[in-house]
file data30.txt (compact mmCIF, C-alpha atoms)
# COMPACT_ATOMS: atom_id res chain seq x y z
CA GLN L 4 27.54 59.77 46.34
CA VAL L 5 30.41 57.70 47.68
CA GLN L 6 33.17 57.11 45.16
CA LEU L 7 34.83 53.69 45.35
CA VAL L 8 37.61 52.35 43.16
CA GLU L 9 38.58 48.68 43.20
CA SER L 10 41.90 47.30 42.06
CA GLY L 11 44.05 44.21 42.40
CA GLY L 12 42.14 41.72 40.33
CA GLY L 13 43.83 39.44 37.85
CA SER L 14 44.43 35.88 36.77
CA VAL L 15 45.90 33.27 39.07
CA GLN L 16 46.11 29.52 39.23
CA ALA L 17 44.12 27.53 41.74
CA GLY L 18 45.73 27.77 45.14
CA GLY L 19 47.12 31.21 44.41
CA SER L 20 46.53 34.53 46.13
CA LEU L 21 45.37 38.02 45.27
CA ARG L 22 44.81 41.16 47.29
CA LEU L 23 41.99 43.44 46.26
CA SER L 24 41.84 47.09 47.24
CA CYS L 25 38.87 49.41 47.56
CA ALA L 26 39.81 53.05 47.82
CA ALA L 27 37.27 55.64 48.88
CA SER L 28 37.71 59.16 47.61
CA SER L 29 37.57 60.81 51.02
CA TRP L 30 37.57 60.16 54.75
CA TYR L 31 33.87 60.99 54.80
CA ASP L 32 33.21 58.35 52.16
CA TYR L 33 35.26 55.79 54.05
CA ASN L 34 34.79 56.29 57.76
CA ALA L 35 32.11 54.69 59.93
CA ARG L 36 30.52 52.61 57.20
CA CYS L 37 29.86 48.96 56.61
CA MET L 38 32.13 48.25 53.65
CA GLY L 39 31.51 45.00 51.84
CA TRP L 40 33.04 42.87 49.15
CA PHE L 41 30.67 41.03 46.86
CA ARG L 42 31.22 38.87 43.82
CA GLN L 43 29.16 37.89 40.83
CA SER L 44 29.82 35.45 38.02
CA PRO L 45 27.74 35.12 34.84
CA GLY L 46 24.33 33.64 35.46
CA LYS L 47 24.64 33.79 39.23
CA GLU L 48 23.37 36.15 41.87
CA ARG L 49 25.68 38.61 43.55
CA GLU L 50 26.90 37.14 46.81
CA GLY L 51 28.53 38.63 49.86
CA VAL L 52 32.13 37.65 50.48
CA ALA L 53 33.20 39.75 53.47
CA ALA L 54 32.53 43.04 55.20
CA ILE L 55 34.12 45.35 57.72
CA TYR L 56 32.79 48.23 59.77
CA THR L 57 35.37 50.95 59.27
CA GLY L 58 34.23 52.71 62.41
CA GLY L 59 35.25 49.89 64.68
CA GLY L 60 36.92 47.11 62.71
CA SER L 61 34.42 44.30 63.19
CA THR L 62 34.61 41.81 60.35
CA TYR L 63 32.24 39.33 58.74
CA TYR L 64 32.79 36.52 56.26
CA ALA L 65 30.84 34.12 54.12
CA ASP L 66 31.28 30.56 55.34
CA SER L 67 32.84 29.59 52.03
CA VAL L 68 35.82 31.94 52.50
CA LYS L 69 36.44 31.75 56.25
CA GLY L 70 40.04 30.88 56.96
CA ARG L 71 41.19 31.81 53.46
CA PHE L 72 40.12 35.43 52.97
CA THR L 73 40.90 38.38 55.23
CA ILE L 74 39.29 41.80 55.08
CA SER L 75 41.17 44.73 56.58
CA GLN L 76 41.30 48.50 56.58
CA ASP L 77 43.90 51.24 56.29
CA ASN L 78 42.57 54.46 57.74
CA ALA L 79 45.49 56.50 56.44
CA LYS L 80 44.60 55.52 52.88
CA ASN L 81 40.79 55.37 53.17
CA THR L 82 41.12 51.86 51.80
CA VAL L 83 39.66 48.45 52.52
CA TYR L 84 41.53 45.34 51.44
CA LEU L 85 40.50 41.77 50.71
CA GLN L 86 43.36 39.29 50.93
CA MET L 87 42.34 36.12 49.14
CA ASN L 88 44.40 32.96 49.63
CA THR L 89 44.00 29.42 48.32
CA LEU L 90 41.74 30.60 45.54
CA LYS L 91 39.49 28.12 43.76
CA PRO L 92 38.34 28.10 40.12
CA GLU L 93 34.72 28.49 41.20
CA GLU L 94 35.66 31.83 42.75
CA THR L 95 36.19 33.32 39.32
CA ALA L 96 33.95 36.39 39.28
CA MET L 97 33.72 40.14 39.17
CA TYR L 98 34.44 41.42 42.66
CA TYR L 99 32.71 44.58 43.82
CA CYS L 100 33.27 46.87 46.76
CA ALA L 101 30.25 48.52 48.36
CA ALA L 102 29.62 51.12 51.05
CA GLY L 103 26.67 51.38 53.36
CA PRO L 104 25.23 54.49 55.02
CA ARG L 105 27.47 56.39 57.40
CA TYR L 106 27.25 55.34 61.05
CA ARG L 107 25.33 52.21 60.16
CA SER L 108 27.42 49.32 61.44
CA CYS L 109 27.42 45.82 60.02
CA ASN L 110 25.95 42.82 61.80
CA TYR L 111 25.73 39.15 61.00
CA ILE L 112 22.48 39.52 59.08
CA TYR L 113 22.92 43.00 57.63
CA TRP L 114 26.28 42.70 55.95
CA ALA L 115 25.51 40.08 53.30
CA ASN L 116 22.39 41.76 51.92
CA ASN L 117 23.45 43.81 48.92
CA ASN L 118 20.30 45.94 49.24
CA ASN L 119 21.82 47.49 52.38
CA TYR L 120 24.61 49.18 50.42
CA ASN L 121 24.10 52.52 48.75
CA ASP L 122 27.21 52.86 46.68
CA TRP L 123 29.19 50.44 44.54
CA GLY L 124 32.46 50.43 42.68
CA HIS L 125 32.77 49.28 39.09
CA GLY L 126 34.35 45.98 40.02
CA THR L 127 37.59 44.14 39.41
CA GLN L 128 37.79 40.80 37.64
CA VAL L 129 39.28 37.76 39.36
CA THR L 130 39.98 34.68 37.25
CA VAL L 131 41.19 31.46 38.84
CA SER L 132 42.35 28.73 36.48
CA SER L 133 42.58 25.05 37.33
call {"tool": "encode", "arguments": {"input": "data30.txt", "output": "structure tokens"}}
result
Amino acid sequence: QVQLVESGGGSVQAGGSLRLSCAASSWYDYNARCMGWFRQSPGKEREGVAAIYTGGGSTYYADSVKGRFTISQDNAKNTVYLQMNTLKPEETAMYYCAAGPRYRSCNYIYWANNNNYNDWGHGTQVTVSS
């Protein structure tokens, strides 16, 4: 089972920024996987925010975050980041990192379906106040 640990959540005012981190416990757990960020707020379904294929660097974003959020990877640290700028109150949620099967790359349809991810972190809370 892939071990993922998220960090970087917190409370910010609208318009502020946060950077989330998702650290995998090993190179095997990190490399050549579709790694996604999802979020879920009370009473709502979990939604895809962004994803990256750590085997090649291709990235994918929900329309609602394009231009404001950036997903990136650090191979030396087995870590995927989500830089979130110009945050909005409605983006208050628990943010989860997820890993797909090894050697299964993301695509524009695949990445946003949470059923395609085998392993999930425990989440990090993001609260955006108005």
call {"tool": "axis_aligned_box", "arguments": {"input": "data30.txt", "around": "range 106-116 of chain L", "padding_each_side": "6 Å", "output": "AutoDock Vina command-line options"}}
result
--center_x 24.9 --center_y 47.2 --center_z 56.9 --size_x 17.0 --size_y 28.2 --size_z 21.9
call {"tool": "closest_residue", "arguments": {"input": "data30.txt", "among": "L:Val83, L:Glu48, L:Gln128, L:Val15", "to": "Ala101 in chain L", "atoms": "all atoms listed in the file"}}
result
L:Val83
call {"tool": "residues_around", "arguments": {"input": "data30.txt", "residues": "Val5 in chain L", "least_positions_apart": "5", "cutoff": "10 Å", "atoms": "only C-alpha atoms", "output": "list in words"}}
result
Ala27, Ser28, Ser29, Tyr31, Asp32, Tyr33, Ala101, Ala102, Gly103, Pro104, Asn121, Asp122, Trp123 and Gly124 of chain L
call {"tool": "closest_residue", "arguments": {"input": "data30.txt", "among": "L:Met87, L:Thr82, L:Gln76, L:Ser132", "to": "Ala26 in chain L", "atoms": "all atoms listed in the file"}}
result
L:Thr82
call {"tool": "residues_around", "arguments": {"input": "data30.txt", "residues": "Gly51 in chain L", "least_positions_apart": "4", "cutoff": "9 Å", "atoms": "all atoms listed in the file", "output": "PDB file with C-alpha atoms, in the frame of the given file"}}
result
ATOM      1  CA  GLY L  39      31.510  45.000  51.840  1.00  0.00           C
ATOM      2  CA  TRP L  40      33.040  42.870  49.150  1.00  0.00           C
ATOM      3  CA  PHE L  41      30.670  41.030  46.860  1.00  0.00           C
ATOM      4  CA  ARG L  42      31.220  38.870  43.820  1.00  0.00           C
ATOM      5  CA  TYR L  64      32.790  36.520  56.260  1.00  0.00           C
ATOM      6  CA  ALA L  65      30.840  34.120  54.120  1.00  0.00           C
ATOM      7  CA  TRP L 114      26.280  42.700  55.950  1.00  0.00           C
ATOM      8  CA  ALA L 115      25.510  40.080  53.300  1.00  0.00           C
ATOM      9  CA  ASN L 116      22.390  41.760  51.920  1.00  0.00           C
ATOM     10  CA  ASN L 117      23.450  43.810  48.920  1.00  0.00           C
TER      11      ASN L 117
END
call {"tool": "atom_distance", "arguments": {"input": "data30.txt", "atom1": "CA of Gly46 in chain L", "atom2": "CA of Asn110 in chain L"}}
result
27.9 Å
call {"tool": "closest_residue", "arguments": {"input": "data30.txt", "among": "L:Cys37, L:Ala96, L:Leu23, L:Leu7", "to": "Tyr63 in chain L", "atoms": "all atoms listed in the file"}}
result
L:Cys37
call {"tool": "closest_residue", "arguments": {"input": "data30.txt", "among": "L:Ser108, L:Thr89, L:Asn78, L:Asn118", "to": "Tyr56 in chain L", "atoms": "only C-alpha atoms"}}
result
L:Ser108
call {"tool": "residues_near_point", "arguments": {"input": "data30.txt", "point": "(34.4, 47.5, 42.2)", "cutoff": "7 Å", "atoms": "only C-alpha atoms", "output": "ChimeraX atom specification"}}
result
/L:7-9,98-100,123-127
call {"tool": "closest_atom_pairs", "arguments": {"input": "data30.txt", "of": "range 74-133 of chain L", "to": "range 19-22 of chain L", "cutoff": "7 Å", "atoms": "only C-alpha atoms", "output": "tab-separated table"}}
result
residue	atom	partner	partner_atom	distance
L:Tyr84	CA	L:Arg22	CA	6.7
L:Leu85	CA	L:Arg22	CA	5.5
L:Gln86	CA	L:Arg22	CA	4.3
L:Met87	CA	L:Leu21	CA	5.3
L:Asn88	CA	L:Ser20	CA	4.4
L:Thr89	CA	L:Gly19	CA	5.3
L:Leu90	CA	L:Gly19	CA	5.5
